[in-house]
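The structure file run-v3.tsv is reproduced below (TSV, N, CA and C atoms).
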chain	number	residue	atom	x	y	z
A	12	MET	N	0.85	-1.19	0.00
A	12	MET	CA	0.00	0.00	0.00
A	12	MET	C	0.89	1.24	0.00
A	13	LEU	N	0.53	2.18	-0.82
A	13	LEU	CA	1.28	3.44	-0.93
A	13	LEU	C	1.04	4.33	0.28
A	14	THR	N	1.96	5.26	0.49
A	14	THR	CA	1.78	6.28	1.52
A	14	THR	C	1.35	7.58	0.84
A	15	GLU	N	0.92	8.54	1.64
A	15	GLU	CA	0.53	9.84	1.09
A	15	GLU	C	1.71	10.49	0.36
A	16	GLU	N	2.90	10.39	0.95
A	16	GLU	CA	4.08	11.00	0.35
A	16	GLU	C	4.38	10.39	-1.02
A	17	GLN	N	4.27	9.07	-1.12
A	17	GLN	CA	4.54	8.40	-2.38
A	17	GLN	C	3.52	8.82	-3.45
A	18	ILE	N	2.27	8.94	-3.05
A	18	ILE	CA	1.23	9.35	-4.00
A	18	ILE	C	1.47	10.78	-4.48
A	19	LEU	N	1.85	11.66	-3.56
A	19	LEU	CA	2.10	13.05	-3.93
A	19	LEU	C	3.29	13.19	-4.87
A	20	LYS	N	4.25	12.28	-4.79
A	20	LYS	CA	5.45	12.34	-5.63
A	20	LYS	C	5.22	11.74	-7.02
A	21	MET	N	4.10	11.07	-7.23
A	21	MET	CA	3.85	10.43	-8.52
A	21	MET	C	3.64	11.46	-9.62
A	22	ALA	N	3.99	11.08	-10.83
A	22	ALA	CA	3.84	11.96	-11.99
A	22	ALA	C	2.37	12.11	-12.35
A	23	GLU	N	2.06	13.19	-13.05
A	23	GLU	CA	0.68	13.46	-13.47
A	23	GLU	C	0.12	12.35	-14.36
A	24	LYS	N	0.98	11.72	-15.15
A	24	LYS	CA	0.52	10.65	-16.04
A	24	LYS	C	0.03	9.42	-15.26
A	25	ASP	N	0.43	9.32	-13.98
A	25	ASP	CA	0.00	8.19	-13.14
A	25	ASP	C	-1.30	8.48	-12.39
A	26	TYR	N	-1.93	9.60	-12.69
A	26	TYR	CA	-3.13	10.00	-11.95
A	26	TYR	C	-4.21	8.92	-12.03
A	27	MET	N	-4.69	8.53	-10.89
A	27	MET	CA	-5.74	7.53	-10.69
A	27	MET	C	-5.38	6.18	-11.32
A	28	ASN	N	-4.11	5.81	-11.15
A	28	ASN	CA	-3.71	4.47	-11.56
A	28	ASN	C	-4.21	3.46	-10.52
A	29	GLU	N	-3.96	2.19	-10.73
A	29	GLU	CA	-4.49	1.15	-9.83
A	29	GLU	C	-4.02	1.34	-8.40
A	30	ALA	N	-2.76	1.69	-8.21
A	30	ALA	CA	-2.22	1.85	-6.86
A	30	ALA	C	-2.90	3.02	-6.12
A	31	GLN	N	-3.10	4.13	-6.83
A	31	GLN	CA	-3.78	5.27	-6.21
A	31	GLN	C	-5.23	4.93	-5.88
A	32	LEU	N	-5.90	4.27	-6.79
A	32	LEU	CA	-7.29	3.88	-6.54
A	32	LEU	C	-7.39	2.93	-5.35
A	33	ALA	N	-6.45	2.00	-5.25
A	33	ALA	CA	-6.44	1.06	-4.12
A	33	ALA	C	-6.21	1.82	-2.80
A	34	PHE	N	-5.31	2.81	-2.84
A	34	PHE	CA	-5.04	3.63	-1.65
A	34	PHE	C	-6.32	4.35	-1.19
A	35	PHE	N	-6.98	5.02	-2.12
A	35	PHE	CA	-8.18	5.78	-1.75
A	35	PHE	C	-9.34	4.86	-1.37
A	36	LYS	N	-9.44	3.71	-2.01
A	36	LYS	CA	-10.50	2.77	-1.64
A	36	LYS	C	-10.28	2.27	-0.22
A	37	ALA	N	-9.04	1.95	0.13
A	37	ALA	CA	-8.73	1.50	1.50
A	37	ALA	C	-9.03	2.61	2.51
A	38	ARG	N	-8.67	3.85	2.15
A	38	ARG	CA	-8.93	4.98	3.05
A	38	ARG	C	-10.44	5.19	3.24
A	39	LEU	N	-11.19	5.10	2.16
A	39	LEU	CA	-12.64	5.28	2.24
A	39	LEU	C	-13.29	4.13	3.00
A	40	LYS	N	-12.82	2.91	2.80
A	40	LYS	CA	-13.37	1.76	3.53
A	40	LYS	C	-13.13	1.92	5.03
A	41	GLN	N	-11.94	2.40	5.41
A	41	GLN	CA	-11.66	2.62	6.83
A	41	GLN	C	-12.55	3.72	7.40
A	42	LEU	N	-12.76	4.78	6.64
A	42	LEU	CA	-13.64	5.86	7.07
A	42	LEU	C	-15.07	5.34	7.25
A	43	GLU	N	-15.52	4.52	6.31
A	43	GLU	CA	-16.85	3.92	6.39
A	43	GLU	C	-16.97	3.06	7.65
A	44	LYS	N	-15.96	2.27	7.92
A	44	LYS	CA	-15.95	1.40	9.11
A	44	LYS	C	-16.03	2.24	10.39
A	45	ASP	N	-15.24	3.32	10.44
A	45	ASP	CA	-15.24	4.20	11.62
A	45	ASP	C	-16.60	4.87	11.83
A	46	LEU	N	-17.21	5.33	10.75
A	46	LEU	CA	-18.51	5.99	10.85
A	46	LEU	C	-19.59	5.01	11.33
A	47	LEU	N	-19.55	3.79	10.82
A	47	LEU	CA	-20.53	2.78	11.26
A	47	LEU	C	-20.32	2.42	12.73
A	48	LYS	N	-19.07	2.36	13.15
A	48	LYS	CA	-18.76	2.07	14.56
A	48	LYS	C	-19.30	3.18	15.46
A	49	ASN	N	-19.09	4.44	15.05
A	49	ASN	CA	-19.61	5.58	15.82
A	49	ASN	C	-21.13	5.52	15.92
A	50	ALA	N	-21.79	5.15	14.84
A	50	ALA	CA	-23.25	5.06	14.86
A	50	ALA	C	-23.71	4.00	15.84
A	51	ASP	N	-23.03	2.86	15.86
A	51	ASP	CA	-23.38	1.79	16.80
A	51	ASP	C	-23.18	2.24	18.24
A	52	GLU	N	-22.07	2.95	18.49
A	52	GLU	CA	-21.80	3.45	19.84
A	52	GLU	C	-22.86	4.45	20.28
A	53	THR	N	-23.30	5.30	19.39
A	53	THR	CA	-24.34	6.26	19.72
A	53	THR	C	-25.64	5.56	20.06
A	54	THR	N	-25.98	4.55	19.27
A	54	THR	CA	-27.21	3.80	19.53
A	54	THR	C	-27.16	3.19	20.92
A	55	GLU	N	-26.05	2.56	21.25
A	55	GLU	CA	-25.90	1.95	22.58
A	55	GLU	C	-25.96	3.01	23.68
A	56	HIS	N	-25.30	4.14	23.44
A	56	HIS	CA	-25.27	5.21	24.44
A	56	HIS	C	-26.67	5.77	24.70
A	57	LEU	N	-27.44	5.94	23.64
A	57	LEU	CA	-28.79	6.50	23.79
A	57	LEU	C	-29.74	5.51	24.45
A	58	ARG	N	-29.44	4.22	24.33
A	58	ARG	CA	-30.28	3.20	24.97
A	58	ARG	C	-30.09	3.17	26.48
A	59	GLU	N	-28.92	3.61	26.92
A	59	GLU	CA	-28.64	3.63	28.35
A	59	GLU	C	-29.42	4.78	28.98
A	60	THR	N	-30.59	4.48	29.46
A	60	THR	CA	-31.45	5.50	30.05
A	60	THR	C	-31.13	5.64	31.53
A	61	VAL	N	-30.80	6.84	31.90
A	61	VAL	CA	-30.50	7.12	33.30
A	61	VAL	C	-31.61	8.03	33.82
A	62	LEU	N	-32.25	7.58	34.88
A	62	LEU	CA	-33.31	8.39	35.47
A	62	LEU	C	-32.69	9.29	36.53
A	63	VAL	N	-32.81	10.58	36.30
A	63	VAL	CA	-32.29	11.56	37.26
A	63	VAL	C	-33.44	12.46	37.69
A	64	PRO	N	-33.60	12.60	38.99
A	64	PRO	CA	-34.72	13.41	39.47
A	64	PRO	C	-34.52	14.92	39.28
A	65	ASP	N	-33.28	15.37	39.25
A	65	ASP	CA	-33.01	16.80	39.15
A	65	ASP	C	-33.27	17.30	37.72
A	66	PRO	N	-34.16	18.26	37.54
A	66	PRO	CA	-34.48	18.78	36.20
A	66	PRO	C	-33.25	19.35	35.47
A	67	ALA	N	-32.35	19.98	36.19
A	67	ALA	CA	-31.15	20.56	35.55
A	67	ALA	C	-30.26	19.45	35.00
A	68	ASP	N	-30.09	18.39	35.75
A	68	ASP	CA	-29.28	17.25	35.28
A	68	ASP	C	-29.95	16.59	34.08
A	69	ARG	N	-31.25	16.45	34.15
A	69	ARG	CA	-32.00	15.83	33.05
A	69	ARG	C	-31.85	16.68	31.78
A	70	ALA	N	-31.92	17.99	31.94
A	70	ALA	CA	-31.77	18.90	30.79
A	70	ALA	C	-30.36	18.78	30.19
A	71	THR	N	-29.37	18.65	31.04
A	71	THR	CA	-27.99	18.49	30.57
A	71	THR	C	-27.86	17.20	29.76
A	72	ILE	N	-28.42	16.12	30.26
A	72	ILE	CA	-28.36	14.83	29.57
A	72	ILE	C	-29.08	14.92	28.22
A	73	GLU	N	-30.24	15.55	28.21
A	73	GLU	CA	-31.00	15.70	26.95
A	73	GLU	C	-30.23	16.54	25.94
A	74	GLU	N	-29.56	17.59	26.41
A	74	GLU	CA	-28.76	18.43	25.51
A	74	GLU	C	-27.58	17.65	24.95
A	75	GLU	N	-26.94	16.83	25.77
A	75	GLU	CA	-25.84	15.99	25.30
A	75	GLU	C	-26.33	15.01	24.24
A	76	HIS	N	-27.50	14.43	24.47
A	76	HIS	CA	-28.08	13.50	23.49
A	76	HIS	C	-28.39	14.22	22.17
A	77	ALA	N	-28.93	15.42	22.27
A	77	ALA	CA	-29.26	16.19	21.06
A	77	ALA	C	-28.00	16.51	20.27
A	78	LEU	N	-26.93	16.90	20.97
A	78	LEU	CA	-25.67	17.21	20.32
A	78	LEU	C	-25.09	15.96	19.64
A	79	GLU	N	-25.17	14.84	20.34
A	79	GLU	CA	-24.68	13.59	19.78
A	79	GLU	C	-25.48	13.19	18.54
A	80	LEU	N	-26.78	13.39	18.58
A	80	LEU	CA	-27.62	13.06	17.42
A	80	LEU	C	-27.30	13.96	16.22
A	81	ARG	N	-27.03	15.24	16.47
A	81	ARG	CA	-26.66	16.15	15.37
A	81	ARG	C	-25.34	15.72	14.74
A	82	THR	N	-24.41	15.33	15.61
A	82	THR	CA	-23.11	14.85	15.11
A	82	THR	C	-23.31	13.61	14.26
A	83	ARG	N	-24.10	12.68	14.71
A	83	ARG	CA	-24.35	11.44	13.97
A	83	ARG	C	-25.09	11.72	12.67
A	84	ASP	N	-25.96	12.73	12.65
A	84	ASP	CA	-26.65	13.08	11.42
A	84	ASP	C	-25.65	13.57	10.37
A	85	ARG	N	-24.69	14.39	10.79
A	85	ARG	CA	-23.63	14.84	9.87
A	85	ARG	C	-22.82	13.64	9.39
A	86	GLU	N	-22.53	12.72	10.30
A	86	GLU	CA	-21.76	11.53	9.93
A	86	GLU	C	-22.56	10.63	9.00
A	87	ARG	N	-23.87	10.59	9.17
A	87	ARG	CA	-24.73	9.79	8.28
A	87	ARG	C	-24.64	10.33	6.86
A	88	LYS	N	-24.64	11.65	6.73
A	88	LYS	CA	-24.51	12.26	5.41
A	88	LYS	C	-23.13	11.99	4.82
A	89	LEU	N	-22.11	12.05	5.66
A	89	LEU	CA	-20.75	11.75	5.20
A	89	LEU	C	-20.64	10.29	4.79
A	90	LEU	N	-21.28	9.40	5.53
A	90	LEU	CA	-21.26	7.97	5.20
A	90	LEU	C	-21.82	7.74	3.80
A	91	LYS	N	-22.89	8.44	3.48
A	91	LYS	CA	-23.49	8.31	2.15
A	91	LYS	C	-22.49	8.75	1.07
A	92	LYS	N	-21.78	9.86	1.31
A	92	LYS	CA	-20.78	10.34	0.36
A	92	LYS	C	-19.62	9.36	0.24
A	93	VAL	N	-19.22	8.77	1.36
A	93	VAL	CA	-18.13	7.78	1.35
A	93	VAL	C	-18.53	6.59	0.49
A	94	GLN	N	-19.75	6.11	0.70
A	94	GLN	CA	-20.22	4.95	-0.07
A	94	GLN	C	-20.35	5.29	-1.56
A	95	GLN	N	-20.77	6.50	-1.88
A	95	GLN	CA	-20.84	6.93	-3.28
A	95	GLN	C	-19.44	7.00	-3.89
A	96	SER	N	-18.46	7.44	-3.09
A	96	SER	CA	-17.09	7.51	-3.59
A	96	SER	C	-16.53	6.12	-3.86
A	97	ILE	N	-16.85	5.16	-3.02
A	97	ILE	CA	-16.40	3.78	-3.23
A	97	ILE	C	-17.00	3.23	-4.53
A	98	VAL	N	-18.27	3.51	-4.76
A	98	VAL	CA	-18.92	3.09	-6.01
A	98	VAL	C	-18.25	3.76	-7.20
A	99	SER	N	-17.90	5.05	-7.07
A	99	SER	CA	-17.26	5.75	-8.19
A	99	SER	C	-15.86	5.18	-8.48
A	100	ILE	N	-15.18	4.66	-7.46
A	100	ILE	CA	-13.90	3.98	-7.70
A	100	ILE	C	-14.15	2.73	-8.52
A	101	ASP	N	-15.17	1.96	-8.13
A	101	ASP	CA	-15.49	0.73	-8.85
A	101	ASP	C	-15.92	1.01	-10.29
A	102	ASN	N	-16.55	2.17	-10.51
A	102	ASN	CA	-17.01	2.54	-11.86
A	102	ASN	C	-15.94	3.24	-12.70
A	103	GLY	N	-14.80	3.53	-12.09
A	103	GLY	CA	-13.73	4.21	-12.81
A	103	GLY	C	-13.93	5.71	-12.94
A	104	GLU	N	-14.79	6.29	-12.12
A	104	GLU	CA	-15.08	7.72	-12.20
A	104	GLU	C	-14.43	8.52	-11.08
A	105	TYR	N	-13.80	7.86	-10.14
A	105	TYR	CA	-13.24	8.53	-8.96
A	105	TYR	C	-12.05	9.41	-9.36
A	106	GLY	N	-12.01	10.59	-8.75
A	106	GLY	CA	-10.87	11.49	-8.97
A	106	GLY	C	-11.07	12.50	-10.08
A	107	TRP	N	-12.22	12.43	-10.74
A	107	TRP	CA	-12.50	13.33	-11.86
A	107	TRP	C	-13.67	14.23	-11.50
A	108	CYS	N	-13.56	15.50	-11.82
A	108	CYS	CA	-14.57	16.49	-11.49
A	108	CYS	C	-15.88	16.18	-12.20
A	109	GLU	N	-16.97	16.17	-11.45
A	109	GLU	CA	-18.29	15.92	-12.02
A	109	GLU	C	-18.70	17.00	-13.02
A	110	GLU	N	-18.23	18.21	-12.78
A	110	GLU	CA	-18.66	19.35	-13.58
A	110	GLU	C	-17.81	19.53	-14.84
A	111	THR	N	-16.48	19.43	-14.69
A	111	THR	CA	-15.59	19.75	-15.80
A	111	THR	C	-14.93	18.52	-16.42
A	112	GLY	N	-14.90	17.41	-15.71
A	112	GLY	CA	-14.22	16.22	-16.20
A	112	GLY	C	-12.71	16.26	-16.01
A	113	GLU	N	-12.21	17.32	-15.40
A	113	GLU	CA	-10.79	17.46	-15.15
A	113	GLU	C	-10.41	16.73	-13.86
A	114	PRO	N	-9.12	16.45	-13.66
A	114	PRO	CA	-8.69	15.81	-12.41
A	114	PRO	C	-8.99	16.69	-11.20
A	115	ILE	N	-9.47	16.08	-10.14
A	115	ILE	CA	-9.73	16.81	-8.89
A	115	ILE	C	-8.41	17.16	-8.23
A	116	GLY	N	-7.46	16.26	-8.31
A	116	GLY	CA	-6.13	16.50	-7.75
A	116	GLY	C	-5.88	15.69	-6.49
A	117	ILE	N	-4.69	15.14	-6.41
A	117	ILE	CA	-4.32	14.29	-5.27
A	117	ILE	C	-4.37	15.06	-3.94
A	118	PRO	N	-3.79	16.27	-3.86
A	118	PRO	CA	-3.83	16.96	-2.56
A	118	PRO	C	-5.26	17.18	-2.05
A	119	ARG	N	-6.17	17.54	-2.96
A	119	ARG	CA	-7.57	17.74	-2.56
A	119	ARG	C	-8.20	16.43	-2.12
A	120	LEU	N	-7.93	15.34	-2.82
A	120	LEU	CA	-8.51	14.05	-2.45
A	120	LEU	C	-7.93	13.52	-1.15
A	121	LEU	N	-6.67	13.85	-0.87
A	121	LEU	CA	-6.10	13.46	0.42
A	121	LEU	C	-6.79	14.21	1.56
A	122	ALA	N	-7.07	15.48	1.32
A	122	ALA	CA	-7.74	16.29	2.34
A	122	ALA	C	-9.22	15.93	2.48
A	123	ARG	N	-9.87	15.65	1.35
A	123	ARG	CA	-11.30	15.34	1.34
A	123	ARG	C	-11.52	14.22	0.33
A	124	PRO	N	-11.42	12.96	0.80
A	124	PRO	CA	-11.52	11.82	-0.13
A	124	PRO	C	-12.88	11.68	-0.81
A	125	THR	N	-13.88	12.40	-0.32
A	125	THR	CA	-15.21	12.31	-0.92
A	125	THR	C	-15.47	13.44	-1.91
A	126	ALA	N	-14.46	14.24	-2.22
A	126	ALA	CA	-14.63	15.37	-3.13
A	126	ALA	C	-15.08	14.89	-4.51
A	127	THR	N	-16.03	15.60	-5.09
A	127	THR	CA	-16.52	15.26	-6.44
A	127	THR	C	-16.27	16.39	-7.42
A	128	LEU	N	-15.78	17.52	-6.91
A	128	LEU	CA	-15.50	18.68	-7.75
A	128	LEU	C	-14.06	19.12	-7.58
A	129	SER	N	-13.47	19.63	-8.65
A	129	SER	CA	-12.13	20.22	-8.54
A	129	SER	C	-12.24	21.46	-7.66
A	130	LEU	N	-11.12	21.93	-7.20
A	130	LEU	CA	-11.11	23.10	-6.33
A	130	LEU	C	-11.76	24.30	-7.02
A	131	GLU	N	-11.44	24.51	-8.29
A	131	GLU	CA	-11.99	25.65	-9.02
A	131	GLU	C	-13.50	25.52	-9.18
A	132	ALA	N	-13.98	24.32	-9.52
A	132	ALA	CA	-15.42	24.10	-9.69
A	132	ALA	C	-16.14	24.29	-8.36
A	133	GLN	N	-15.53	23.83	-7.26
A	133	GLN	CA	-16.14	23.99	-5.94
A	133	GLN	C	-16.21	25.47	-5.58
A	134	GLN	N	-15.15	26.21	-5.87
A	134	GLN	CA	-15.15	27.65	-5.57
A	134	GLN	C	-16.23	28.37	-6.38
A	135	ARG	N	-16.38	28.00	-7.66
A	135	ARG	CA	-17.44	28.61	-8.49
A	135	ARG	C	-18.81	28.31	-7.91
A	136	ARG	N	-19.02	27.06	-7.48
A	136	ARG	CA	-20.32	26.67	-6.91
A	136	ARG	C	-20.60	27.45	-5.63
A	137	GLU	N	-19.60	27.58	-4.78
A	137	GLU	CA	-19.79	28.31	-3.53
A	137	GLU	C	-20.05	29.79	-3.78
A	138	LEU	N	-19.38	30.37	-4.76
A	138	LEU	CA	-19.62	31.77	-5.10
A	138	LEU	C	-21.03	31.96	-5.63
A	139	LYS	N	-21.50	31.04	-6.47
A	139	LYS	CA	-22.87	31.09	-6.98
A	139	LYS	C	-23.87	31.02	-5.83
A	140	GLN	N	-23.63	30.11	-4.89
A	140	GLN	CA	-24.54	29.95	-3.77
A	140	GLN	C	-24.55	31.20	-2.91
A	141	LYS	N	-23.38	31.81	-2.76
A	141	LYS	CA	-23.30	33.04	-1.96
A	141	LYS	C	-24.05	34.18	-2.64
A	142	LEU	N	-23.91	34.26	-3.97
A	142	LEU	CA	-24.56	35.36	-4.70
A	142	LEU	C	-26.06	35.15	-4.88
A	143	TYR	N	-26.45	33.92	-5.19
A	143	TYR	CA	-27.83	33.66	-5.55
A	143	TYR	C	-28.60	32.81	-4.56
A	144	GLY	N	-27.93	32.35	-3.52
A	144	GLY	CA	-28.60	31.49	-2.54
A	144	GLY	C	-28.71	30.08	-3.09
A	145	ASP	N	-29.27	29.19	-2.29
A	145	ASP	CA	-29.42	27.78	-2.71
A	145	ASP	C	-30.47	27.70	-3.73

In C-alpha cells, how does this file's structure come out?
Amino acid sequence: MLTEEQILKMAEKDYMNEAQLAFFKARLKQLEKDLLKNADETTEHLRETVLVPDPADRATIEEEHALELRTRDRERKLLKKVQQSIVSIDNGEYGWCEETGEPIGIPRLLARPTATLSLEAQQRRELKQKLYGD
C-alpha cells in the first residue's frame, strides 16, 4: 500500500492508476468502518437510560443527546458520500470532477476523499450559492 508522500510524488501521467485507486478505496473503507462504529456506539449510548430526578441534570443529559444526534446526522450524510465515492472507484469515475471532467487532484482528495468537484469548480459553486442562494 502506498503512503501519502509516495502518491504526492507520482507523476501526473500516473493520476488515478491502480495503486492510487487502491489507496483511496482502502482509506474510504476505513472511514466507512469508523462511521458505522460511531453510529453503533451512539445507539448503545442513547439506549442507556439514566433516570435523574433533578431537572437541571436531566436537561444536561438531553442536551448531550441532542448534540450527539446532530453529530451522527452529519456523519450519516458523510457515510453516504463515502459509499458513493467507493462506487465511483469501482465505476472508474473517482478522482475526476463531475462538472468539468478534469482531475480533482491528489492533494484535494487526500484532504477530502469524498470530493466530487475540482477546487476551481467547488469555488465557483460556492460563489454562486453566496450570490444567488441555494

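Once Tyr26 (chain A) and its same-chain neighbours fewer than 4 positions away are set aside, Met21, Ala22, Gln31, Leu32, Gly106 and Ile117 of chain A remain within 8 Å of it when counting all atoms listed in the file.
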
**Gln94 (chain A) surroundings by only N, CA and C atoms, 8 Å radius, close-in-sequence under 6 positions cut, as an MDAnalysis selection string** = chainID A and resid 39:40 43 88 100 125

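Every protein or nucleic acid residue with an atom no more than 10 Å from Thr82 (chain A), counting only C-alpha atoms and leaving out same-chain residues fewer than 4 positions away, appears here: Asn49, Ala50, Thr53, His76, Ala77, Leu78, Glu86 and Arg87 of chain A.
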
Please determine an axis-aligned box that encloses all atoms of region 15-24 of chain A listed in the file, with 8 Å added on each side, and express its centre and edge lengths in Å to one decimal as lines of an AutoDock Vina configuration file.
center_x = 2.7
center_y = 10.9
center_z = -7.2
size_x = 21.4
size_y = 21.1
size_z = 33.7

**Complete:** CA of Leu80 (chain A) to CA of Glu52 (chain A) measures 11.5 Å

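Using all atoms listed in the file, the nearest neighbour of Met27 (chain A) within the list A:Asp84, A:Tyr105, A:Ala126, A:Pro118 is A:Tyr105.
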
**Request:** Could you jot down the atom N of Ser96 (chain A) to atom N of Lys139 (chain A) separation for me, Å, one decimal place?
**Result:** 24.0 Å

**Prompt:** Using only C-alpha atoms, which residues sit within 8 Å of region 108-111 of chain A once same-chain residues fewer than 5 positions away are excluded, as a ChimeraX atom specification?
**Reply:** /A:127-129,132

**Asked** Between atom N of Ile115 (chain A) and atom C of Ala37 (chain A), what is the spacing in Å?
**Response** 18.5 Å

**Request:** Return as a ChimeraX atom specification the full set of residues in chain A whose backbone-based DSSP assignment is alpha helix (DSSP H).
**Result:** /A:15-20,29-58,66-102,117-122,130-143

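The shortest atom-to-atom distance to Thr54 (chain A), with only C-alpha atoms taken into account, belongs to A:Arg83 out of A:Arg83, A:Phe34, A:Asp101, A:Pro66.
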
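For the set A:Leu19, A:Glu75, A:Ala33, A:Leu46, the residue with the smallest atom-to-atom gap to Leu89 (chain A) is A:Leu46, counting only N, CA and C atoms.
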